[in-house]
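In what follows, a single structure is set out as structure tokens and then discussed.
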Amino acid sequence: MDASSIGLWGFLLLFVLLFIRMPVGVAMMLVGTLGIYLIRSKAALPTLAGEIIGEAMSYPLTIIPLFVLMGNLAGVSGMSRDLYDAAHAWFGHLKGGLASATIVGCAGFSALSGSSLAAALTMGRVALPEMQRHHYDDGLATGAIAAGGTLGILIPPSAGFVIYAILTEESIPRLFLAGVLPGILLTALFIVAIYIVVRLNPAKAPQSSTPMTVRKKFRALLRASWIIGIIVLTIGGIYAGVFSAIEAAGIGAALALFVTVIRGALTWPNLVDVFTSTLRASGTLFLILFGAFVFKTFIGFTGITFGLAQWVELQSYSAFQIVVAFLLLFMVLGTFMEGFAILVLTIPLLQPILEPLGVDMIWFGVMMVIVLEMGLISPPVGVNVFVVKGIAEGVPLNTIFRGIWPFWFAMLVCVILLLVFPKIATLLPDTMFN
């Protein structure tokens, strides 16, 4: 059996293992090692050991546990609650304002945690009881939480961008800056989607809270100044070139720990919970990366990427057509595969095709992450939907899935805008690095 055939069988076996719910990292590590053994038996174990040790010693990977720690500390210290209260004070009295405040709160928390699941879980616990108290439609309330949580892998610091950067060998700071304007744009589009839904059916948000005085609004904003200050310092510091992305993660985590201490929230149970959650989330991402690099080496041995690149060249497709085709493929894959699995499986195949066509991998990475966000709320997998279901036990899954469609189309609009106006993603990184 030639190397290309082994590669195809390897992909088939990998999909079978993922279908039976084997962890992504373990599945890729197993298939990659077995495939390398069949092609070049003496290279299998050295490759497995070398890739794991090489990635475990990778300095850029320290950014993942630091930002995860920062997000967890923000949760136990009450900073996430302060952020939602500030958004509630400014938007809560508007029609659909509580749902909009949830989106803003998720966006702000995403700028600390870098995790979509953490954003949906943390802000959902705060926002859902408030929306239910004001008799919001269950679909709109849960849909806003599930969709708002997806901002965690777009708004920097993003674990998705870190993994994409390591797989493509692109700059992490460039990717972080590239996600800022699209993140703000998508947040605004979510709010517009809420406005349209409530405009078409006012019963979905029948009651608004009493408008607060300007004094109370600014008082709520002042209480949220810690979390706002940390966000501005970390992202602004990267943009200004004051410190690197890794240094920003360390500074942000240290400040979040300081706030937790001065608020008296650093109790022993909280400490155990914070570090256990951080280690669990970081370990999962590290395992995925270990498996991804073993599998990536296996794909290199098969020569599949070279064959695909040649085939695409013979078809004379434009770069724009190829990008659109791949984004459509991701949308389909997102309906039955987890986002990180799509990322680590497809990037080793797509990068050799896209780069010769002159595609900006930073711009493509931003669009890819947004499409992966769509997968987080797409049936039947929709990981964020099941996270929200765990909070809203009395709300049927069908109701939650119906509630996410306005936000799904808002994401689609965002992708189209990025396709038409690439500068939305590339402006900040180009400004900084040029």
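Chain labels A, B, ... are given in the sequence in which chains occur in the structure tokens; within each chain residues are numbered consecutively from 1, and ligands are likewise numbered from 1 in the order shown.
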List the neighbours of range 227-236 of chain A out to 9 Å using only C-alpha atoms; skip same-chain residues closer than 3 positions along the sequence, and give me the result as JSON, numbers by chain.
-> {"A": [74, 79, 80, 82, 83, 108, 109, 111, 112, 156, 157, 176, 177, 180, 221, 223, 224, 239, 240, 241, 242, 243, 245, 247, 248, 249, 251, 252, 255, 256]}
Taking only C-alpha atoms into account, produce a table as CSV in which each residue of range 95-125 of chain A with an atom at most 12 Å from an atom of range 360-380 of chain A appears once, together with its shortest atom pair and the distance in Å to one decimal, ordered by chain and rising number.
```
residue,atom,partner,partner_atom,distance
A:Ser115,CA,A:Glu373,CA,11.2
A:Ser116,CA,A:Glu373,CA,8.6
A:Leu117,CA,A:Leu376,CA,9.3
A:Ala120,CA,A:Leu376,CA,11.0
```
Writing out the chosen residues with C-alpha atoms as a PDB file, in the first residue's frame:
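New file selection.pdb:
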```pdb
ATOM      1  CA  SER A 115     -12.819  30.250  26.280  1.00  0.00           C
ATOM      2  CA  SER A 116     -16.289  30.065  24.767  1.00  0.00           C
ATOM      3  CA  LEU A 117     -17.500  27.446  27.234  1.00  0.00           C
ATOM      4  CA  ALA A 120     -21.297  30.858  28.291  1.00  0.00           C
TER       5      ALA A 120
END
```
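Of the listed residues (A:Leu181, A:Ser158, A:Gln132, A:Ile103), A:Leu181 comes nearest to Ile424 in chain A; the distances count only C-alpha atoms.
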Name the residues of range 331-407 of chain A that fall into helix (DSSP H, G or I) according to DSSP on the backbone, using the chain letters and numbers of this document, as a tab-separated table (two decimals) with C-alpha atoms, in the first residue's frame.
```tsv
chain	number	residue	atom	x	y	z
A	331	MET	CA	-19.89	25.09	8.20
A	332	VAL	CA	-20.90	21.55	7.25
A	333	LEU	CA	-18.25	19.92	9.45
A	339	GLY	CA	-14.42	23.10	16.60
A	340	PHE	CA	-10.91	22.31	17.80
A	341	ALA	CA	-11.07	18.93	16.05
A	342	ILE	CA	-11.90	20.68	12.77
A	343	LEU	CA	-9.07	23.14	13.32
A	344	VAL	CA	-6.33	20.59	13.95
A	345	LEU	CA	-7.56	18.19	11.29
A	346	THR	CA	-7.90	20.61	8.40
A	347	ILE	CA	-5.10	23.17	8.85
A	348	PRO	CA	-2.28	20.74	7.90
A	349	LEU	CA	-4.17	20.02	4.66
A	350	LEU	CA	-5.31	23.54	3.80
A	351	GLN	CA	-2.25	25.65	4.54
A	352	PRO	CA	-0.13	24.19	1.68
A	353	ILE	CA	-3.02	24.97	-0.68
A	354	LEU	CA	-3.83	28.49	0.52
A	355	GLU	CA	-0.36	30.00	0.93
A	356	PRO	CA	0.77	29.47	-2.71
A	357	LEU	CA	-2.45	31.24	-3.76
A	361	MET	CA	-3.43	33.30	6.74
A	362	ILE	CA	-4.21	35.88	9.44
A	363	TRP	CA	-7.35	37.00	7.59
A	364	PHE	CA	-8.31	33.40	6.85
A	365	GLY	CA	-7.74	32.44	10.49
A	366	VAL	CA	-10.22	35.05	11.72
A	367	MET	CA	-12.92	33.84	9.33
A	368	MET	CA	-12.20	30.22	10.20
A	369	VAL	CA	-12.62	30.95	13.91
A	370	ILE	CA	-15.98	32.67	13.28
A	371	VAL	CA	-17.16	29.66	11.28
A	372	LEU	CA	-16.03	27.40	14.11
A	373	GLU	CA	-18.12	29.63	16.40
A	374	MET	CA	-21.10	28.84	14.18
A	375	GLY	CA	-20.41	25.17	14.81
A	376	LEU	CA	-20.54	25.76	18.58
A	383	VAL	CA	-21.38	22.30	22.43
A	384	ASN	CA	-22.39	25.73	23.77
A	385	VAL	CA	-26.05	24.78	23.52
A	386	PHE	CA	-25.50	21.82	25.83
A	387	VAL	CA	-23.55	24.03	28.26
A	388	VAL	CA	-26.52	26.40	28.40
A	389	LYS	CA	-28.87	23.44	28.75
A	390	GLY	CA	-26.97	22.49	31.91
A	391	ILE	CA	-27.83	25.92	33.35
A	397	LEU	CA	-33.11	21.65	23.70
A	398	ASN	CA	-35.36	22.42	20.73
A	399	THR	CA	-36.23	25.79	22.26
A	400	ILE	CA	-32.54	26.66	22.72
A	401	PHE	CA	-31.67	25.63	19.16
A	402	ARG	CA	-34.55	27.72	17.80
A	403	GLY	CA	-33.28	30.68	19.78
A	404	ILE	CA	-29.77	30.56	18.29
A	405	TRP	CA	-30.74	30.97	14.60
A	406	PRO	CA	-30.81	34.82	14.56
A	407	PHE	CA	-27.30	34.78	16.01
```
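Near range 274-278 of chain A, within a cut-off of 8 Å and counting only C-alpha atoms, sit the residues Pro65, Val68, Leu69, Asn72, Leu73, Val76, Asn270 and Ser282 of chain A, with same-chain residues fewer than 4 positions away left out.
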Requested write-out: N, CA and C atoms of the selected residues, as a short mmCIF file (atom, residue, chain, number, x, y, z; two decimals), in the first residue's frame:
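To be explicit, this is the file written out as part-v4.cif:
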```cif
data_model
loop_
_atom_site.label_atom_id
_atom_site.label_comp_id
_atom_site.auth_asym_id
_atom_site.auth_seq_id
_atom_site.Cartn_x
_atom_site.Cartn_y
_atom_site.Cartn_z
N PRO A 65 -2.49 28.40 29.73
CA PRO A 65 -2.89 28.32 31.14
C PRO A 65 -2.99 29.67 31.83
N VAL A 68 -6.37 31.20 30.81
CA VAL A 68 -7.44 30.40 31.42
C VAL A 68 -7.53 30.72 32.91
N LEU A 69 -6.35 30.81 33.56
CA LEU A 69 -6.31 31.17 34.98
C LEU A 69 -6.92 32.55 35.22
N ASN A 72 -10.72 32.28 35.08
CA ASN A 72 -11.27 31.60 36.25
C ASN A 72 -11.24 32.51 37.48
N LEU A 73 -10.15 33.27 37.63
CA LEU A 73 -10.06 34.21 38.76
C LEU A 73 -11.10 35.32 38.63
N VAL A 76 -14.41 33.85 40.09
CA VAL A 76 -14.55 33.69 41.55
C VAL A 76 -14.44 35.03 42.29
N ASN A 270 -12.19 28.05 46.71
CA ASN A 270 -12.06 28.78 45.44
C ASN A 270 -10.72 28.53 44.79
N SER A 282 -6.39 23.45 30.40
CA SER A 282 -5.08 23.54 29.74
C SER A 282 -4.60 22.16 29.29
#
```
Residue nearest Glu55 in chain A - candidates A:Val323, A:Ala127, A:Ile145, A:Ala292, atoms counted: only C-alpha atoms | A:Ala292
